[in-house]
Each structure stands twice: as C-alpha cells, then as structure tokens.
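Notes follow once the structure below has been shown.
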Number of protein chains: 4
Amino acid sequence: MARSGIEKITVIGGGSSYTPELIDGFIQNEENLQVGEIALYDIDEERLNIVGGMAQRMVRYAEMDTKVTLNLDRPKAIDGAKFVLSSMRVGKMQARILDEKIPLKYNVIGQETTGPGGTFKAFRTIPVTLDIARDMEKYAPDAWYINFTNPSGIMTEALLKHTNLNVVGLCNNPINTIAAMAEVFHVEPKDVFLEWMGLNHVNWVRRVYIKGKDMTQVLMDRLEEFVDIEEMPQFDPELVRTLGVFPTYYLQYYYYHSLRLEEAKAAEKSRGEVVLEVEKELLKKYADPNVLVKPEELSQRGGARYSEAAVNLILSLKLDRRDVQIVVTRNGNSIADLPEDASVEVPCVVGAHGVTPLVMGHFPESIRSLGQQAKAWESATVKAAISGSRKDAILAMLQNPLIPDFPTAVALTDEMMEAHKEYLPQFYK
Amino acid sequence: MARSGIEKITVIGGGSSYTPELIDGFIQNEENLQVGEIALYDIDEERLNIVGGMAQRMVRYAEMDTKVTLNLDRPKAIDGAKFVLSSMRVGKMQARILDEKIPLKYNVIGQETTGPGGTFKAFRTIPVTLDIARDMEKYAPDAWYINFTNPSGIMTEALLKHTNLNVVGLCNNPINTIAAMAEVFHVEPKDVFLEWMGLNHVNWVRRVYIKGKDMTQVLMDRLEEFVDIEEMPQFDPELVRTLGVFPTYYLQYYYYHSLRLEEAKAAEKSRGEVVLEVEKELLKKYADPNVLVKPEELSQRGGARYSEAAVNLILSLKLDRRDVQIVVTRNGNSIADLPEDASVEVPCVVGAHGVTPLVMGHFPESIRSLGQQAKAWESATVKAAISGSRKDAILAMLQNPLIPDFPTAVALTDEMMEAHKEYLPQFYK
Amino acid sequence: MARSGIEKITVIGGGSSYTPELIDGFIQNEENLQVGEIALYDIDEERLNIVGGMAQRMVRYAEMDTKVTLNLDRPKAIDGAKFVLSSMRVGKMQARILDEKIPLKYNVIGQETTGPGGTFKAFRTIPVTLDIARDMEKYAPDAWYINFTNPSGIMTEALLKHTNLNVVGLCNNPINTIAAMAEVFHVEPKDVFLEWMGLNHVNWVRRVYIKGKDMTQVLMDRLEEFVDIEEMPQFDPELVRTLGVFPTYYLQYYYYHSLRLEEAKAAEKSRGEVVLEVEKELLKKYADPNVLVKPEELSQRGGARYSEAAVNLILSLKLDRRDVQIVVTRNGNSIADLPEDASVEVPCVVGAHGVTPLVMGHFPESIRSLGQQAKAWESATVKAAISGSRKDAILAMLQNPLIPDFPTAVALTDEMMEAHKEYLPQFYK
Amino acid sequence: MARSGIEKITVIGGGSSYTPELIDGFIQNEENLQVGEIALYDIDEERLNIVGGMAQRMVRYAEMDTKVTLNLDRPKAIDGAKFVLSSMRVGKMQARILDEKIPLKYNVIGQETTGPGGTFKAFRTIPVTLDIARDMEKYAPDAWYINFTNPSGIMTEALLKHTNLNVVGLCNNPINTIAAMAEVFHVEPKDVFLEWMGLNHVNWVRRVYIKGKDMTQVLMDRLEEFVDIEEMPQFDPELVRTLGVFPTYYLQYYYYHSLRLEEAKAAEKSRGEVVLEVEKELLKKYADPNVLVKPEELSQRGGARYSEAAVNLILSLKLDRRDVQIVVTRNGNSIADLPEDASVEVPCVVGAHGVTPLVMGHFPESIRSLGQQAKAWESATVKAAISGSRKDAILAMLQNPLIPDFPTAVALTDEMMEAHKEYLPQFYK
C-alpha cells in the first residue's frame, strides 16, 4: 500500500459515468496522492460493476498500488475514509428530464441548478445526503465531505447547516473561467487571480488580475475579441459593461431567460435526454475489457477539469498548501450582503486546517439584489427539503429568480411534487 | 389671519384634481390647523384658475379666515411656507398612459409605482422635485416637504439623499388598511396597531393588534370571511398563509403579475385613460361657480383618506403629538435587511422634533428577498434619474421585480426613454 | 371589585421600604388603574407585615375598593396577576454593604449597578428572578414582568434571554432627567423629548428637544447656568462639551472614578449603611398604626418618581396609549452598535401590544466604545450568573469598565464570591 | 543593474540603527530580490552618513550589484521607487523618553504603541507620514508603502483613510509568535497556521494549527511547559485559560497594567533610555570602516525577524506568491465586530494584486470589548492627529484602555501636548 499517502477515498455515486474522469485525475497525480484505496459506492449494482471494472483496469494499467473496491454497503464504503466525494443523481437521468420538461409548460426553464429543476433536485437529494452524512459522522467523522452533486451550493448549505462534518463544495466553473482568462491573456492559469463572488452557479467576477496587474477594464473594453474562446461567450459585452462585472456561465439563465426558454422549447431533446445517450455510449466503452484509459468521448459529457479541481482541493487539504482556490463554503463574513450561515462560492485559502474564505466585501449594487434573491431561494430550498412542508416548498419555488409570480409557483410546485413523488418521501409523510 | 395656527401651507401641483379633497381636509380640521395661507402653485394656469377658484369658494363657504392664493411663481409660492405638499404629474396624464401602455408590448405591466411606469415617472419627476427643493432650501429651509407624488418611496429617497430638507413621504395605503382592519374587527381605527414593514407600495403587515391583542393568527385563519371588505380582497388567503404575513394592495402586481397583465391587455382603457375622463368631469364641476363643496364624484378618482392622512401628519408635526403614524422615512436601522440610507414605510413616532421610525427588525424570510429586490430597484432608479446615464437606467429597469431578463430591460428602457424624451433632459444632454 | 380595571398586581419584594411609594402612586391614579388586588409578596414575614399593614391602611384611608393581600406563598401571590413588579434585594442591605466595601480594598468603587457590586448583586439575584419567572410562566403566563430590581439592565437581559415572559425594565433616571430638563427650560415634562441611548445607568442624551425644537446646542453652551438644578450637576460642562452628548447620572462612576473612589474611601459610612438607617426609621413609621399616608422621610430613600414611572408604564400597557417612554427592552436594532439580543434603555412606544423601541441608530464615536464595553460586561454577567462558572465570573468582572486589569479581576472575584457564598449556590455546586 | 529584479526600494528613516538589519535581509535574499537601488532617506545627515556608509560596505562586501544611495532630498529619494519602507521616529528617542515618563506621574504606563505614548507618537508622526504620502502620490504613485513605524496599526489606518496609496503595515510580532509556536511543537514555522485576530499589538491567537492539526486545546492545557520559550511567557496560563484564546505580547500592558506600571516606576531607566545607549554603541560600530557585516549587538536592539518579515512581504507582492502572511490592512469584513474602514492585523493573502484579508469572523466574547475599545482609541487618535483639535485629543486619550477616567485624560493630554509642542504644529495653529 502507498506509504504516507491518503489511506482511503470514497466516491458516493461511484457508478457515475464521470468516475473514470476522477480516476484519471488520481492517476495523473499519483506521485502526490498515493491513494491506498478508492472505494466506489453505488446503489446500482450493474453500473457499479461496469464503471468500477473500468476504474480497476485504469489503475492497473497505470501500474499503481491503489486498490479499487466496489461497494453496495455504504457504511463499509465510508469506514475509515479520509475524503468522501459525492456525485450522485437521486432519481437518475429520468428525474432530470422531468425537471427540465415540466417547467416549460409554465414558460419557465427547468435548469437543474439555478431553476425549478434545481429546487426539486435538491428536494430529492438532500435527505439522501444527510443519511450519508450520518454514516460519516459514525464511520469517518474527521473525513472531508467534498460535494460535487448539483445544485452544489444548496447541497453544501444543507450539509453545513445540518451536520458537523468538514464540508466543502466544488464546481468546475471557477477553474474553467480561470483557464479561459489564461487563454485570453496568453498566460498560465496560475497567473490569473479573480475576485470571484456569489453562490455556486450564480457568480460574478468583479476583478481580473493577470500576474497581479488589474486587467478588468482592458478585458471589458475588448470583450468582442474573445468571443470564440470556450467559456467566454457567456460574457455578453453589453451585459458585462452594464453590470460593470463579468457574469459567469449559468447566469445566462437569469439574464437571458426568454432566449434560453425559446431554445429549450424548440429543442428536440432536453439536455438530460442528450446526456442519457452520451452515457449509454460511454457505458458501452466502459464495459469493454479492452478499454484501459479514459475514452475521448467522456469530454462530451461536460464537466471539463472536474478531476483537476478535485485533485487540487484534495492535495491542498492533505499537503497543507494554503493556496487560494475558489470553492463553496460557509460565508461567515466574506460577502457582506449575505447571511453568515449561507454557502457562498468565493476564493478561499485551502490547507490542512480547512477552508478559510477571503474577504470579498460588498456586492456591487448592480448585482446585489440578484445575489440576495438567489441565496434566499437556495436557503428556502434547504429548509423545505428538510421540513417536507408543501408551504415551504412553494415559498422556495416563489423565490427562485425565474418564477414570475405566485400562481406559477403553486402550480409548478404541485405538478413537480407529484411527478417526483417516489423520491420525495418527506413531503408525503 | 389665524392666530397661533400654521402661517402658510404650499401645495405644489395645486391645479391637481385632488386639491379640493385636501382643502376639504383643512376645512374639517380648521379648529386645530388654523392655516393663514394656502398657496396653490401650478405651471398650468388654466387648471390652477379652475381648481384654485373652487378652493377659494370652498374656504369662503366654510367661513374660514384662510387666504387661498394662486401662484405661477414658485419662489413666491414657497417663500415662508411651514409645509410644502407635493402632488404633481410631470408630463401629465398623457405620460402615465404611455407608462402603462408601452410595457404591455413586452408582456410587462406598466404600473406607475411598482413597475416600469414607476421607473420612468421617477425619471421625469425627480429633477423637477430637486429644483423645488432648491427653492425650499432658499425660501423655506425649515419647512416640511410632504411628498404625495408617486412613486412616493422613490421620490422620498431622492429627497432624503439629495437635499437637506425635512422630508416625509405619505401614502393612503396604510390608513386605508387600518380602516379595513377596523371594519373587520368592528373597532375604531385607533384600536388597530400594525407591524407594517417594507417600502411604499411594497409592504406587508407582519402582525395585527386589535386593542393590543395579537389577532394575526385569527385573521389569517378567517380571511375568507372578509373578502368583501374594501382594501381586504388583495389579501388572497392562500398567498397570505403561504407568506405568513399580509401583503398589501400593490403587491398584487408582483404576486399576480400574469393575471394583472392579462387584464391590462384585455382592458379597453388604461387606468390613466379612465382617470383622464374622471378628471374632465371633475374639472367641469370645479369650474361651476355654484359648486361650493367637494363633489361626490371625487371619490372615484382614488385617493380615499388622502387628506385625512395629510392632516394627521401635519397636526402631529405641528402639535408635537408624538403618536405613531405609518409614513415613508429614512430607514436608519428600522428594517435590518435594508440599507440605512434607503427610504422605507414603517410605523414612526411623529412629533414637532420630526419623524422617528420604530424598530421593525428583520423581514420574515418569506418576504425578505422581494423587499431587498424592490429596494434595489428604487435606489437604482434614484441614481439613474440623477446621473442621466442610459446604463444606469437599464440597471434600474433590470432590477425591477417585474422585468424577466436583460434584453427586455434594454428594449423597454430604450422605447420608454424615446417616448418620454421631452421630459427627460438629463438623459439627452 | 373595581370594574374594567386591573384585576391583580403582584409586588415581589412587597416588604420593601419603597412599597408605600408605589401604593401612593396607585392611589393617585386610582381613576385609571382601578386595581382589584395588590398582592404583596416577601420572604421576610416581619417586614411584610409592617409594610403590608401600612399599605392596607393607605388604601383604606384613600377609600379605594382595592384589596391588599400579604403573601408568603409565591405561586399564590402570582396566580392571576396582570402585572408583576419586582423590587428585591437578595442578601438584603448587608450584602450591599459588602458589595460597596470589598472593592475599595482594590481601589475600585463598588457601585451596585455599574461596578463590581452590580456584578455580584446580579449573581445573587438572577437565579431567584428566574425562579419567579418559572412561577409566572405557570401561574400568570400573559402578565407583564416589570423589573425595578437593580442592576435593572442586567436583570432585564437575563429575563429576556432566559424566559418567554413579557418583560420590561424600569428606572427613574429617564423620568428624573426629563423633569430636570423641564425645569431648565421652564416647560412641562411632556414638552421634553430626548434622544436617550445606552444601557440602564450607562446612558447618554444625544439630543434635547423642547416643544419639538432642538435645544441641544443651547443647553451645551449654557450648562453652567443650570448646575443647581437637581439631577443636572452630573452634566459637567467640560465633559459634556468634549463628548458632544450629555452623560447621565451614573456615568460619573466611569468618567470620575478616581474622585468617587476617594470620596467612598473617605466616607464614614457606605451608601448601604446610610440607607439601612433611613430604612429603620421608615419601618418604624410604617409600623405606627396612626400613619395613614406615605411619610415625608421616604423621599430621602432615593427613588424619586419611581411610582410615577411605574404607573405611566402600567397605564400605557393597559390603556394602549402608544406613547413614548424610556424603558429597558430588547435592543433589536435600536442601537446599531450593540447586539440584537442585548437589553438597552431607549425611547419606546408603549401600548397594549407591548414595548417597541424607536430607532436610535449609531452611538456617536465619543461614547461608542464605553457603551459596547459596559454591554459586554452586562452580558458576561448574565452568562456567569447562570453558568455558575468561576472562569465566567472572572471574565464578567474583567470586562467591567472600572476594573484596571486581570489580577484585580481575579482577586476581587474570589474575595466577593467567598463573602457572598451563602447567596451564590450556583457557584458552589 | 539587476535584471528583472526590483528597480528601487526607498527607506524612510534610512539613518535608523535598524537599517543594517534590513540591508542584511536584502543580502540574504539577493537571488529573489535583485534590487537595483536602495535609496536611504533621512533628515539627520550625520546618521545618514554613518548608517548609509555601513549599508554601502555591507552590499559591496556581499558582491551585489545593488546601488545604495544616501538622500536628504525626499522627492528624489522616492522618485521611481517600487517599495517605500518607513521606519522613523519624529522627535527621536528624546520624545519617546517623554512618552514613557510623563504618564507615570498619573499612574499610567506610557507604552509607545498601546498606551498614551502611542497616542502622542501618532500625533507627531501622522502629519509627517501624510507629507511623505503626498510625495509618493506624485513621484511613485503605484509603489507600495510598507509601514514599520510605530504605532503601526494607527499609522496604517491614517494612510488607508487619507491617501490613495497601496499601503500595508508590518510588525514582527506575528512572525515571532509563529517561530515560538514552531519551537514548542518542534516543527518548522511554515507548519504553523494561526487564527490571529485583532489590531497591531492588540492581538489574540484564537486557534493554533500545526501541520493542519488543531492544537489549541493541547497548547492551552500544557502552557506551563513552555514558559521558557522566547515570546511565549506572555501567555500567562491562568489568563489564557480564562480568555480561551492566547493574548499576544503587548496585551500584557492591558491585562497586567498595575504590574507593568510598578516595574516602570521602579526601573532606573526607561526603555527609551536603554535603547538610546544601545544605539550609541551600534552607531560607533557602523562608523567603523572595518565593520562589513551586521554586528551581533544589533539583536539587543529588539526587532528580531523584522527584515525577514519585510523581505517575505516584498517577495510575495513582487512574485505574486499569494501566500498567507499576517499584516496590517483595511478590515473590510474580516473582523465582524470592527468598522470596515479600520486597520486590523489578520492573516492575509499577499500577491502581486495586493493584500486580501481572510475572514476571521466574530471576536470571542471574552475579548470583543477590549478589541473594540482599543480600535476606538486608534481611530480617535487618527482623527485628532489630523484635526489638531484639543477636544479630539482628549477624546482619543479618554478611550485608551489604560486611562482610568476623564480628569486623568485631560491632565495627561495637556501635559504631553505641552512637552511635545515642537512636533505638534497641527495643535498650535
């Protein structure tokens, strides 16, 4: 077994089509990580065997000492873990497709992180997540819970408010934006420093420093030159110049709701349906015993640089690097306009002591109320997911920035509740 | 001249069809007020003569010593005033009709106080208001500026932030709600005490006390019984019970936007067009030298109990009554979730020393983000009205709770800007 | 029995020499109060009989229908009360004398409200007070607990934080200051409006309005003229002009600690010893069956206008007067620089709905840190009184503004703890 | 000239006996710094020549390309600098001796950073500092002003509030405490992570992490074992366990005022007098052309690791290292209980973009009021130093935690003002 490395990492949702991406990240960083055991846990035995088998072949092919175990027994999977990575989908892709399709009837985009889809994905996932947390409190109380599961800001807030675990939420949006900025300015990602403030997926870049030089205004003036760079197109020049800050990717669903809605209505397939097909192809590959490395097609699945973000985070927590990473954590007083116990996504110092946010201060006035509104929605969603009260669920829905009014909130809540009934026991006590 | 009474009250917009209502209020309270001079000021000489003549006849018929003067010269009208009451409409009813009609093309209700109509009414009115304030700083620096002009919360915030005057904003919504509550519980209005919190027209009643007894839950449980009482129907039972507080009248435009939009689109005439006709009839009456008292038809004009609210306010400021009235004032720390320099509408102690808000504390979570969003819109509107920047105007529009997204904000701002061009010199420098 | 009046008022510490003062207040306001029963409760049977007998004679002599009962059984005394007034002294005057004398050895003034004497008086009294509160929660859950017991700010905070009762703290310092101001300006007390901010006994007057006119600067400029007016001398002109606000009576112990310390050391008798003698004389009078009205000597006891303050408060709570009174209540956001759950003494609207503080805003910088420090001491005192931890007791002592350093805090805490051992069971578990 | 290094560093107070310490630091880090020019500026030509000559010999002996220039012309010294280091003493050591001696008459310790000595050192130094800042705004507007001058927290706040420069304050207290912790736990300083919160010299360590492990409780339990380690003795076990956090070195003047006062009164010489003698000896060495390296005796001067702290800071600012250093900066929202525009000493991320504080959150209650009080004193001192108002000076003095009452504040202010008259032109306009 790897000496002085990480004894055990557990992956909740180990049967996810992303897992090989993560395994690949561990392989690339074997020198620093030296993981003793990667415990894959899933409730879907068939997928666990296919994806787990793929993971085992990858590790073997990389000639690593790491043991990859496949687990249907959750306590056993978690017992002794140093890091628990969660990436799951309660109700699977079918539930996502409902999340995306039902709202369209009400002229609202579903959007599984920032829209009503996010509300219901959280309703389905929070109870399961808190069950996992209870296992961790018992079998791995000092481990880090690293949450990838969407909506990551809401999931992280639920864990911060309702468990005693070490929790951090992670998303590839920051690392992708940094990569795009590096491409724009022809520098390395490490040369980019962003004042990134907001919530997961509801986030803005207030200032851009390149090698310590403030390039915010330069970038704002010359945005049209960079529209072809991946991850940059969402920075619509007129919007950026009106706000005075750079909105990030998912804010398109708020700032361009009508356009995104028309596209979604016009689309032949929802995003969930597209992903379903991509996954089928991927699983076929994974099932092929001759495939020994991460297949190219995985990149279509989305989630670029997810494993890079995860490995960076794990390494800083393990090696006490105390570098700055943009992750989801308890606000404290980082963003002055949000509650202290809310989750936020901001630059943090990450070391073996934990995750400490930097002071980001006040939202610029141009974005403050949207940030507050989205956070109100997130916190109300956490509350309703746990209370199981229909009234709380309607209140959460009502506060989502995409919902135009009360009758829409009521009707949409009721229809989605019914559709996801099977996965919402707390509302049907 | 009236001894120990108020030497002079100036009415800005003295040619308003409301003026006889106000005059009637002064007549009813002659004993306490004993006004020396009522100076009516207007820029429309014809209307000033008609309405002013009516006012003079009313006062004479009431056998009061009060002198009613008609003024086209503003400094002269203001000079020496103790109270300046403002109720004006820059661009007149034609502008309101545009405010109400243009937004409908974008599936947004115009609404001259809480919607895009309010944004542009403020853009037209704030510069004129600050001009008046400059006159007051010169000719009546210690006088009270009592603002009735809509949108009253925005106008009051502009005056609080950009003048040194004694300013208070007034609306009949609180006094009407108190009257409705009194009717519900078969008590006198003085027996009603409301925890009223929010902004002008964006307001909720958190608790209802009748003779000091907390009747909040009783009222919430029995709302269906009171739907026929005037001013109560807006308290839709399901909405009220979901929020846990009572939303007041104008919040229907937020909570029921789609319904109000459909009605507005279906309506033969906009509210402005209806009022225009009512006013024509009223002016005919006012022009009739045989009409000596406030005509019955005035009640159709809206604005019930406006003169009662005004007289109450003036009396407490003059007589140092230090009673509790619900008015628009600087927040300070009354509502913990809003900026200190914002205007709010809350219960205040009103005395000769001025207006001191009561601590209302934190918004309940069910309404907090809407309160913050509406205030962000109001403050952004004040800022844009003064800067005259198109970018600021778009930002103000974007933050209005009725606006669905950025392209709508841009298009609507541009079209309304063009339509009101004549009254928006600050944007066309 | 009195119709439509207050059914029952309970006086905790009914054997206090103050009680006849209170009874006299009830007699003067019989018309409005019409109390059915005044239940005097005390643990000292002898004093209860003497003072209670006096009270009964006073009421009979006034030809009132009110029944005065003497109670050694606390639940019975409290059962059915509408108001419970607390004015007690755990450990009696002997304990006060220790509170005043021990600190002198450490060059600290004892002072039973703002100094280490206050810390230990609170330690002795809070447990008893919470016991009483438990009785009230059972036998009179809707009654008002009106606290006169010193240190009133600390007692009120303990009750606000650790009970569900309706609680308000009362002191005669505000009403006395208003009376002094009225005398200065030759007006009635009702013509005075003060911006009074701080804690009980740690309080400043920020602005003085006379008939609504701001006379702050006038008063500050002419302070020397008013030094002979009772309650005014503490307003030392140089101190006032340096601070820019008017410090009230008890702040002399902070601003002039060395002087007060020298006087206390030089004094033949401590204040407690003086009061002990006054009380002996008073009790002799009370025991005399020929004495039918409040004796003149009572005024030497201190506590001028206490009954006036109490009656005012009770009347507004009962009659829903919603007037402004300066009382001790939960801060909420009245003083922006203090915690929300702290007790403060500020102007409040008092009605049948309860007590609502006015927004006082930020402390002027000249007094902010002393206000914060005194509040930290008060809150730490509440915490230690309940935890019974020596460490917490030292921390409370250390934060008192009169304590120069840590060794003093430790030694003083230990010596006073030992001296009051009998009344501090929570620290000797 | 050094390529790709720092073009120019200016040292204000270049004739300081510390300067060779700093030069030694530059020599040890030549590889990374590669300074083109070190411009020493002083108003004392004699000392500048002695110390400057020494510096030139040191650099030459180290075979570096760096040019060391001696400057009496300030604009010339500053022109083109990338870093300006300030370490000066207006009024020289004679003024410090007065700062330390006068307060003893009033039973107050002088203490040039946390006591009345600090108040007057700031009064003398702030005007000169702002003059320098004006030169920098003209001749080196993008340079970093690194303040070593005591009282560093107050100086930094004056610069942050009254200039537009890049400002950071520096002290060796954090780096020394880290070194002591490393010694305690037998690890390297880089393995220590401290939650350090407060102001310069008024600071506490809330938590101690060693290689990421929370050792706070272990250290608290075993403090007696470490009393012999340099910089640790101030952590008096009883005090630490009472507070629940570790107070740092200078807090002894608050927590043990009486003891320090007695010692100071008993001492034959004040600290200033001792240092004066040490300096004389040092200057003799510096004047000796055969001395080519930093003399051993310099360590007696105090200021251990100052040059290490300075070089660390400069390197991170230059090389964009974005590591965590404990420096003095604008609070923003790092410490929730202090004003946003106050200076604080907290862990910060230091990179080429600047200095960003980490969120430290709320003070524990045991230390909050002292932190707030000391900050109130510091901010009042800045205000008075600039206004030149005696009233403001008394207010600043009054708020210092060592001052017992108002008469002491007045007398001490007046006597010190007179004694330092020559260096306080702003108070004698």
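Just remember, in the structure tokens the first chain shown is A, the second B, etc., residues are 1-based per chain, and ligands are 1-based in the order shown.
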Mind listing as a compact mmCIF listing (two decimals) with N, CA and C atoms, in the first residue's frame which residues of chain A are within 8 Å of chain B, counting only C-alpha atoms?
# COMPACT_ATOMS: atom_id res chain seq x y z
N LEU A 239 -24.05 43.29 -21.71
CA LEU A 239 -24.42 42.94 -20.33
C LEU A 239 -23.26 43.23 -19.37
N THR A 242 -22.79 46.85 -18.78
CA THR A 242 -23.87 47.43 -17.98
C THR A 242 -23.68 47.08 -16.51
N LEU A 243 -23.36 45.82 -16.25
CA LEU A 243 -23.19 45.39 -14.85
C LEU A 243 -21.91 45.94 -14.24
N TYR A 254 -30.65 33.49 -16.04
CA TYR A 254 -31.36 34.62 -15.45
C TYR A 254 -31.38 35.82 -16.41
N TYR A 255 -30.22 36.18 -16.91
CA TYR A 255 -30.15 37.40 -17.73
C TYR A 255 -30.77 37.22 -19.12
N TYR A 256 -30.86 35.97 -19.60
CA TYR A 256 -31.44 35.71 -20.93
C TYR A 256 -32.51 34.63 -20.85
N HIS A 257 -33.33 34.71 -19.85
CA HIS A 257 -34.32 33.67 -19.62
C HIS A 257 -35.18 33.43 -20.86
N SER A 258 -35.70 34.49 -21.44
CA SER A 258 -36.62 34.31 -22.57
C SER A 258 -35.95 33.57 -23.73
N GLU A 365 -23.61 47.25 -6.47
CA GLU A 365 -25.07 47.41 -6.44
C GLU A 365 -25.76 46.80 -7.65
N SER A 366 -25.05 46.72 -8.76
CA SER A 366 -25.68 46.21 -9.98
C SER A 366 -26.06 44.74 -9.88
N ARG A 368 -26.24 43.10 -6.55
CA ARG A 368 -26.54 42.72 -5.17
C ARG A 368 -27.90 42.04 -5.00
N SER A 369 -28.94 42.64 -5.58
CA SER A 369 -30.26 42.08 -5.29
C SER A 369 -30.44 40.71 -5.93
N LEU A 370 -29.83 40.46 -7.08
CA LEU A 370 -29.95 39.13 -7.68
C LEU A 370 -29.20 38.10 -6.82
N GLN A 372 -28.76 38.29 -3.61
CA GLN A 372 -29.55 38.06 -2.40
C GLN A 372 -30.78 37.21 -2.68
N GLN A 373 -31.40 37.48 -3.84
CA GLN A 373 -32.61 36.73 -4.19
C GLN A 373 -32.27 35.25 -4.41
N ALA A 376 -31.68 33.61 -1.18
CA ALA A 376 -32.94 33.38 -0.46
C ALA A 376 -33.62 32.13 -0.99
N LYS A 391 -46.02 24.13 1.96
CA LYS A 391 -45.97 25.60 2.05
C LYS A 391 -44.52 26.08 1.88
N ASP A 392 -43.61 25.42 2.58
CA ASP A 392 -42.19 25.78 2.44
C ASP A 392 -41.70 25.54 1.02
N ILE A 394 -43.48 25.74 -1.73
CA ILE A 394 -43.99 26.83 -2.58
C ILE A 394 -43.18 28.10 -2.35
N LEU A 395 -42.87 28.38 -1.10
CA LEU A 395 -42.07 29.57 -0.79
C LEU A 395 -40.70 29.51 -1.45
N GLN A 399 -39.42 32.10 -4.62
CA GLN A 399 -38.26 32.98 -4.51
C GLN A 399 -37.20 32.72 -5.58
N LEU A 402 -36.41 32.84 -11.53
CA LEU A 402 -37.07 32.58 -12.81
C LEU A 402 -38.59 32.54 -12.71
N PRO A 404 -42.22 33.83 -12.29
CA PRO A 404 -42.80 35.17 -12.43
C PRO A 404 -43.78 35.55 -11.33
N ASP A 405 -44.53 34.58 -10.80
CA ASP A 405 -45.50 35.00 -9.78
C ASP A 405 -46.02 33.82 -8.96
N PHE A 406 -46.92 34.14 -8.04
CA PHE A 406 -47.37 33.15 -7.08
C PHE A 406 -48.15 32.00 -7.71
N PRO A 407 -49.14 32.27 -8.56
CA PRO A 407 -49.86 31.13 -9.14
C PRO A 407 -48.92 30.17 -9.89
Surrounding residues of D:Thr119 excluding itself and chain neighbours under 4 positions, 8 Å, only C-alpha atoms, as a PyMOL selection string: chain D and resi 112-113+115+123+378+381+396-397
Those in stretch 101-189 of chain D with strand (DSSP E or B) from DSSP, as a PyMOL selection string: chain D and resi 144-147+166-169
Per-residue DSSP, stretch 144-262 of chain D, filtered to alpha helix (DSSP H), as an MDAnalysis selection string: chainID D and resid 152:162 173:185 216:221 237:243 252:255 257:262
